[in-house]
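One structure below.
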Amino acid sequence: MNEAVLATIVAIAAASLRLATPYLFASIGEMFAQRSGVLNLGVDGIMLVGAFAAFYGTLTTGSVWVGVAVAMVAGLAMGLLMSVISVTLKAEQGISGIGLSLFGLGLSSLLFKVLVGTVKTVDGFRPIHIPLLSDLPYLGDIFFSQNLTVYVAFLLVPVSWYVLERTPWGLTVRAVGQNPAAADTLGVNVTVVRYLCVCLGAVLAGLAGAALSIASVNLFQENLTAGAGYIAVALVYFGGWRPVGILMGALLFSTVTAIQLRMQVLGIEMPSDFAVMLPYVLTIVALTFSANRARQPAALNQPFERGVA
Amino acid sequence: MAPGTGSAPGARGAPGARGARGRRGRDILGYALGASLPLLAVVAALLVGAVMLLFLDADPIAAYGALIEGAFGGTSGITQSLVKATPLLLVGLGICIAFRASVINIGAEGQIILGAVAATWFSLQFRTWPGWLLIPCTIVIGFAAGAFWGFIPGILKARMRVNEILTTVMMNAIALQFMNFMIRGPLIDPAGVEAGQYLAQSEKVPEQVWLMRLVPQTLLHAGIFIALALAVATYVFLWRTTIGYRIRAVGLNPDASQYAGIRVPVYQALSLTLAGGLAGVAGAVEVIGVQHRLLDGITSGYGFSGIVTALFGGLHPLGTIPASFVFGGLLVGADKMQRAVQVPSSLIQAILGLIVLFVVGSQYWARRRAARRMDSNVNVAASAAAAEETPA
Amino acid sequence: MKIRTSLMATAALSLIVVACGNAATTSAPASSTPEPSTAPASEAASTAPEVTPAPAAEPFRVAVIMPSSTTDLAFSQSMYAALVAEQEKAGGEANFEIKFTENMFNVPDAQAAIRDYASQGFDLVVAHGSQYGAGVEEIAKDFPEVSFAWGTDVNTFGLPNVFAYTAAAEEGGYVNGVLAALVSTTKKIGVTGPVEVGDAKTYIDGFTQGVTATDPSIKVSKTWTGSFSDVAAMTEAAKAHITAGADVLTGSSQSVVGSIGAAKDAGNVLWFGTQSDQVSLAPTLVVASQVYDWTVVLDDIITKIQSGTLGGEIYTLKLENGGLKIAYNSGYALAADAKAAGDKAIADITSGAVTVTP
């Protein structure tokens, strides 16, 4: 095969793994929340707060691990806020999510302005060189020369599957999302389960933000995510609330994104706007024609009130 | 069931007469408290905001004074709030219809764009037509374009069971790129190209399609009447027509509706289409009423703030009217606040987010009060009925 | 949510707030400082015969409205930095007051801001965004004593109190292109742009012309991300160019920080900037930046206002008038012959020997 074409394919594959990482973190997190019955549209705002937290932590201490820790704490805080509003106060989840997104956007931009002031780069996660594996032709570049966040994100897929499908706690979560009243009568504390899931989702969303600010672009700017959080929520639906499905969706989206950017480089004639549209169009097409159509958790977006049907 | 706050059954004379007066008094108090709940929530959010302002060395009193003055102070404030309220109301009406059918329409941003692009293209294309013909046609075209953009997720949901959250989020991004393409391509302002500027805006739409300005030196335009008329129309549609009834039935209980012979997917798709159409009208009205051309950023986030507006209005078309005015005022006032105390606009954004969170959260107590009142009404009615049955 | 309760709630809320709003305007509002709009005119007229921009009793008051953040390292920052420079030149805040509103990408909001500042008696209101034009046209008519400066465009609407300004970004683009063609060793250059409009388009068109004029064999590939704010997309686009072999990159808009980051990651990819000096992000990799120096325009505008002329001029930042500067990065060792070629390009454009078409 033509050397240049092969090189391009390798580059696209490597890029798609890298681009999928934030979506994987955020989507799998949102999956847990939705499986327990809570729709969290605030993912974008949580990602932004997490991104800034990670950036600021790394900027001030020089350690990416501090950045990761701060991002997780920030995500947890946002998750608790969402839980109080949506689970305890049983608010309309669609708009509390939008409110949270707005708050996250404003807060992250404000803190950035006040604490940092101007755009700066940080030394984030670097691609890891694995002896032997990284040097494999082609496969080495694609699979074994990524930074740590990429590996963690992909590891999340089997881990979350296992937790959700093979552990008692996962069963509890699924039960709460399907029929909270029944779970309640069996002694499950629906509120606690939902809190845990929303917070877990938020922590993962915070990590998604960190994957952006200290691994991918290695800087922070206002509205860094540019709406990626909403795409992540959409991918949960695409994936049928299952980790593998989400992985497929994230990879589809990121691969087409990687292709469309390189298409412009390769000089393929297409108005740039239509090229940018491609990932979104293909995602809809893919879902429309895929045979699999899982049903959403029955209690999704319905606050639970004991004694009320 | 919690024991009601109503009086004991009719052992004391006429069934609950004195109790009824007491209950009415409590009801009024309840209404007053319930109505003031969102206000209290807003105040709570503003208090948190005040702390943040203090951190930034800004004076909260001055800031919030500016907020209120900017939103509702004088001609300038009120007209600006109304200008903002118009698209919020239109989008909110569409959200009302969709939510009533239990369909979540996050695609309003894209639908606004389609309406705006279509209105611009149409009015430029037929620029020789007289105003009385061009204006209604342009608005109808805007509706049609937005409806089309809502129809696609609708039909995919109805026929292929593709979830509308996924499709509408994707359609938003697609619409944005489509607008970019049109603005820098077929619709680009020829005057700008000649001047070597290549600005991201279209040619000015012909003057006869401009909506009439109502108050001199302000942006307030006749679109507000269009929005109000559509609000009433939406109310009539949802509560006084068969189709509207079916849409609400589908939302309240899809299984029962299906059993009763209502084709649920059809009405869900219809509700998305109508919601898209109304958002499309918002886009058209922004073009011919406010901007007089298509430009980058025409949606101004109304697709999302319209959702908040609809929910603040209780998902009722008539309730959305005051809600859009209040929320529009909040947005306008927030800008004024930024100018007055010179804080970063992101602080304002954060406070707005908090307001949404607090107001939506505060509904908890409103619901509890409503549930308790319902329980008490049930109890009183039941005991009154029981009292009537037993011989006095 | 109970419908009736919410209906009452919002109705009550709106009534209360309207009442408060009216009360707030009738009682002296602490926020805005309404000065009669005739004040600045009389000040300007009275100071005219006495002194040129020297500390008069009243400070020179400027308000600026911008579509993005003051820290965007691009369009808005360039104007804000210029105003701050003018403030320093005038001797500090006592003599030169700046009020700003940023992130005004919503045009009606921006118009409200422009009108608001105008009614507060500012001497100069800078509407720094091409989308604000319609607003300036209307509002300037209502405030004939306030001077409005608007950009980037070349239209003063025939009004006596409107200045228009723009930047011939294609000129600096050309020079950058010449330099880029000479420093590239792989003969592949990448361009990452937002949307193909405005001065992003004109800059990149000029850049491409500069490259072609110097070395036609070089391949310039362009990627448009479709967004002015999507940093991650810029990073990815830049990486795409880099893996395709480009060793020189350029681009425009505030999201370009992503491309610079990618260049830095790759370690040896060079960068050419525009609108602002982006050296701070990659101290050893930025070769040169086209810097918009709005002080050239502002100096003249301020002098004119203080002598009574409130508008009617169109300014273009060009290499010729010093409004566009090519800032060579001292942290990068530019080859002598490349610098000579760059300087020659600047001279050619200035003298008119070379014309760059946007």
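Ordering of the structure tokens sets the chain letters (A, B, ...), residue numbers begin anew at 1 in every chain, and ligands are numbered from 1 in the order given.
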
Output the contact residues of chain A with respect to chain C at a cut-off of 9 Å, based on only C-alpha atoms, as a VMD selection string. chain A and resid 4 7 to 8 11 to 12 15 19 91 to 92 113 117 to 121 126 212 216 to 227 257 to 258 261 to 267 272 to 273 276

Can I get the selected residues back with N, CA and C atoms, as a compact mmCIF listing (two decimals), in the first residue's frame?
```
# COMPACT_ATOMS: atom_id res chain seq x y z
N ALA A 4 2.30 6.87 2.00
CA ALA A 4 1.64 8.07 2.55
C ALA A 4 0.24 7.74 3.04
N ALA A 7 0.46 5.91 6.24
CA ALA A 7 0.80 6.82 7.34
C ALA A 7 -0.41 7.62 7.78
N THR A 8 -1.21 8.04 6.79
CA THR A 8 -2.41 8.80 7.14
C THR A 8 -3.38 7.95 7.95
N ALA A 11 -2.20 7.68 11.38
CA ALA A 11 -2.40 8.93 12.11
C ALA A 11 -3.85 9.08 12.51
N ILE A 12 -4.77 8.75 11.61
CA ILE A 12 -6.20 8.86 11.92
C ILE A 12 -6.56 7.94 13.08
N ALA A 15 -5.21 9.30 16.29
CA ALA A 15 -5.95 10.49 16.70
C ALA A 15 -7.32 10.12 17.24
N LEU A 19 -8.89 11.36 20.66
CA LEU A 19 -10.06 12.22 20.70
C LEU A 19 -11.20 11.58 21.46
N ALA A 91 -35.98 18.15 41.55
CA ALA A 91 -36.26 19.17 40.55
C ALA A 91 -36.34 18.55 39.16
N GLU A 92 -36.89 19.32 38.25
CA GLU A 92 -36.94 18.90 36.84
C GLU A 92 -35.52 18.72 36.35
N LYS A 113 -10.15 33.71 34.83
CA LYS A 113 -9.84 35.14 34.69
C LYS A 113 -9.15 35.67 35.93
N GLY A 117 -5.58 34.58 34.39
CA GLY A 117 -5.62 35.84 33.66
C GLY A 117 -5.31 35.73 32.18
N THR A 118 -4.30 34.97 31.82
CA THR A 118 -3.97 34.90 30.40
C THR A 118 -3.68 33.45 30.05
N VAL A 119 -3.77 33.15 28.77
CA VAL A 119 -3.63 31.75 28.37
C VAL A 119 -2.20 31.27 28.59
N LYS A 120 -2.07 30.14 29.27
CA LYS A 120 -0.74 29.57 29.50
C LYS A 120 -0.79 28.09 29.20
N THR A 121 0.36 27.54 28.82
CA THR A 121 0.41 26.09 28.62
C THR A 121 0.97 25.43 29.88
N ARG A 126 2.19 13.15 29.08
CA ARG A 126 2.88 12.96 27.80
C ARG A 126 2.65 11.55 27.30
N LEU A 212 -8.83 16.75 28.83
CA LEU A 212 -8.69 17.82 27.84
C LEU A 212 -7.57 18.78 28.22
N SER A 216 -4.61 16.63 26.56
CA SER A 216 -4.83 16.78 25.13
C SER A 216 -4.31 18.13 24.61
N VAL A 217 -4.90 19.22 25.10
CA VAL A 217 -4.46 20.52 24.58
C VAL A 217 -3.44 21.18 25.50
N ASN A 218 -3.35 20.71 26.73
CA ASN A 218 -2.35 21.22 27.67
C ASN A 218 -2.43 22.71 27.92
N LEU A 219 -3.64 23.23 27.97
CA LEU A 219 -3.84 24.61 28.39
C LEU A 219 -5.31 24.75 28.76
N PHE A 220 -5.66 25.92 29.25
CA PHE A 220 -7.06 26.18 29.52
C PHE A 220 -7.47 27.49 28.87
N GLN A 221 -8.64 27.49 28.30
CA GLN A 221 -9.21 28.74 27.83
C GLN A 221 -10.69 28.69 28.14
N GLU A 222 -11.32 29.86 28.20
CA GLU A 222 -12.75 29.87 28.54
C GLU A 222 -13.54 29.02 27.55
N ASN A 223 -14.47 28.27 28.08
CA ASN A 223 -15.30 27.38 27.27
C ASN A 223 -14.46 26.39 26.45
N LEU A 224 -13.51 25.77 27.13
CA LEU A 224 -12.60 24.85 26.47
C LEU A 224 -13.32 23.69 25.81
N THR A 225 -14.43 23.23 26.44
CA THR A 225 -15.07 22.03 25.94
C THR A 225 -15.88 22.28 24.68
N ALA A 226 -16.34 23.52 24.48
CA ALA A 226 -17.11 23.87 23.28
C ALA A 226 -18.25 22.88 23.04
N GLY A 227 -18.95 22.52 24.09
CA GLY A 227 -20.13 21.69 23.92
C GLY A 227 -19.89 20.19 23.92
N THR A 257 -14.32 12.54 13.10
CA THR A 257 -13.71 13.85 13.33
C THR A 257 -12.27 13.88 12.86
N ALA A 258 -11.52 12.83 13.21
CA ALA A 258 -10.11 12.77 12.79
C ALA A 258 -10.02 12.73 11.27
N LEU A 261 -10.85 16.23 9.61
CA LEU A 261 -9.76 17.20 9.70
C LEU A 261 -8.65 16.86 8.72
N ARG A 262 -8.37 15.60 8.59
CA ARG A 262 -7.30 15.23 7.67
C ARG A 262 -7.73 15.31 6.23
N MET A 263 -9.01 15.17 6.00
CA MET A 263 -9.53 15.32 4.65
C MET A 263 -9.17 16.68 4.12
N GLN A 264 -9.32 17.68 4.96
CA GLN A 264 -9.00 19.01 4.52
C GLN A 264 -7.50 19.12 4.22
N VAL A 265 -6.69 18.44 5.02
CA VAL A 265 -5.25 18.44 4.77
C VAL A 265 -4.93 17.71 3.48
N LEU A 266 -5.62 16.58 3.30
CA LEU A 266 -5.35 15.79 2.11
C LEU A 266 -5.84 16.48 0.86
N GLY A 267 -6.54 17.61 1.06
CA GLY A 267 -6.97 18.37 -0.09
C GLY A 267 -8.18 17.80 -0.78
N SER A 272 -15.46 23.25 3.88
CA SER A 272 -15.04 22.84 5.21
C SER A 272 -16.22 22.64 6.15
N ASP A 273 -17.28 23.44 5.95
CA ASP A 273 -18.43 23.30 6.85
C ASP A 273 -19.05 21.92 6.74
N VAL A 276 -16.95 19.44 8.60
CA VAL A 276 -17.14 19.49 10.04
C VAL A 276 -18.46 18.84 10.44
```

So that I can check the surroundings of stretch 151-162 of chain C, please list as a VMD selection string every protein, DNA and RNA residue that reaches within 10 Å of it, counting only C-alpha atoms and ignoring chain neighbours fewer than 6 positions away. (chain B and resid 192 195 to 199) or (chain C and resid 124 to 134 136 to 138 140 to 141 143 to 145 168 198 to 199 305 309 to 316)

Might you pull out every residue within 8 Å of stretch 127-139 of chain A, with only C-alpha atoms counted and same-chain residues fewer than 5 positions away left off, and present them as an NGL selection string? :A and (10 or 144-148)

Sorted per-residue table, chain B near chain A, closest atoms and distance, 8 Å, only C-alpha atoms, as a tab-separated table:
```
residue	atom	partner	partner_atom	distance
B:Leu156	CA	A:Thr288	CA	7.2
B:Met160	CA	A:Thr288	CA	6.3
B:Arg161	CA	A:Arg293	CA	7.4
B:Val162	CA	A:Thr288	CA	6.2
B:Asn163	CA	A:Tyr237	CA	6.7
B:Ile165	CA	A:Ala234	CA	6.2
B:Leu166	CA	A:Ala234	CA	4.3
B:Thr167	CA	A:Ile284	CA	6.2
B:Val169	CA	A:Ala234	CA	6.8
B:Met170	CA	A:Tyr280	CA	5.2
B:Met171	CA	A:Tyr280	CA	7.4
B:Ala173	CA	A:Tyr280	CA	7.1
B:Ile174	CA	A:Met277	CA	5.2
B:Gln177	CA	A:Asp273	CA	5.1
B:Phe178	CA	A:Asp273	CA	6.7
B:Asn180	CA	A:Asp273	CA	6.7
B:Phe181	CA	A:Asp273	CA	5.7
B:Phe304	CA	A:Ile98	CA	7.6
B:Ile307	CA	A:Ile95	CA	7.3
B:Val308	CA	A:Ile95	CA	6.1
B:Leu311	CA	A:Ile95	CA	7.7
B:Pro344	CA	A:Leu110	CA	6.8
B:Ser345	CA	A:Gly106	CA	8.0
B:Ser346	CA	A:Gly106	CA	4.4
B:Leu347	CA	A:Gly106	CA	5.8
B:Ile348	CA	A:Gly106	CA	7.3
B:Gln349	CA	A:Gly106	CA	4.8
B:Ala350	CA	A:Gly106	CA	4.2
B:Ile351	CA	A:Phe103	CA	6.9
B:Leu352	CA	A:Phe103	CA	7.1
B:Gly353	CA	A:Phe103	CA	4.2
B:Leu354	CA	A:Phe103	CA	6.1
B:Ile355	CA	A:Gly99	CA	7.8
B:Val356	CA	A:Gly99	CA	5.2
B:Leu357	CA	A:Gly99	CA	5.4
B:Phe358	CA	A:Ile85	CA	7.9
B:Val360	CA	A:Ala91	CA	5.7
B:Gly361	CA	A:Ala91	CA	5.1
B:Ser362	CA	A:Leu89	CA	7.4
B:Gln363	CA	A:Ala91	CA	6.9
B:Tyr364	CA	A:Leu89	CA	5.3
```

Please produce, as a tab-separated table, a per-residue contact table for chain B versus chain C (criterion: any atom at most 7 Å away, only C-alpha atoms considered), showing the nearest atom pair and its distance in Å to one decimal, sorted by chain then residue number.
```
residue	atom	partner	partner_atom	distance
B:Tyr31	CA	C:Thr5	CA	7.0
B:Gly34	CA	C:Thr5	CA	6.1
B:Ala35	CA	C:Ala9	CA	3.6
B:Ser36	CA	C:Ala9	CA	6.0
B:Pro38	CA	C:Ala9	CA	6.5
B:Leu39	CA	C:Leu13	CA	6.1
B:Ala62	CA	C:Ser31	CA	5.2
B:Ala63	CA	C:Ser31	CA	6.8
B:Gly65	CA	C:Ser31	CA	6.6
B:Ala66	CA	C:Ser31	CA	5.3
B:Ile68	CA	C:Gly21	CA	5.2
B:Glu69	CA	C:Gly21	CA	5.0
B:Phe72	CA	C:Gly21	CA	4.7
B:Gly73	CA	C:Gly21	CA	4.6
B:Gly74	CA	C:Asn22	CA	6.5
B:Gln177	CA	C:Gly226	CA	6.6
B:Arg184	CA	C:Val197	CA	6.1
B:Gly196	CA	C:Pro358	CA	5.9
B:Gln197	CA	C:Gly198	CA	5.8
B:Tyr198	CA	C:Gly198	CA	4.7
B:Leu199	CA	C:Gly198	CA	4.5
B:Ala200	CA	C:Val197	CA	5.6
B:Gly297	CA	C:Asn106	CA	6.4
B:Ser300	CA	C:Asn106	CA	5.4
B:Phe312	CA	C:Ser6	CA	6.7
B:Gly313	CA	C:Ser6	CA	5.9
B:Gly314	CA	C:Ile3	CA	4.7
B:His316	CA	C:Ile3	CA	6.8
B:Gly319	CA	C:Leu7	CA	4.9
B:Pro322	CA	C:Ala11	CA	5.8
B:Ala323	CA	C:Thr10	CA	5.6
B:Val326	CA	C:Ser14	CA	5.7
B:Arg339	CA	C:Thr101	CA	6.4
B:Ala340	CA	C:Ser31	CA	5.4
B:Ser345	CA	C:Glu102	CA	6.9
B:Gln363	CA	C:Met1	CA	6.7
B:Arg367	CA	C:Met1	CA	6.5
```
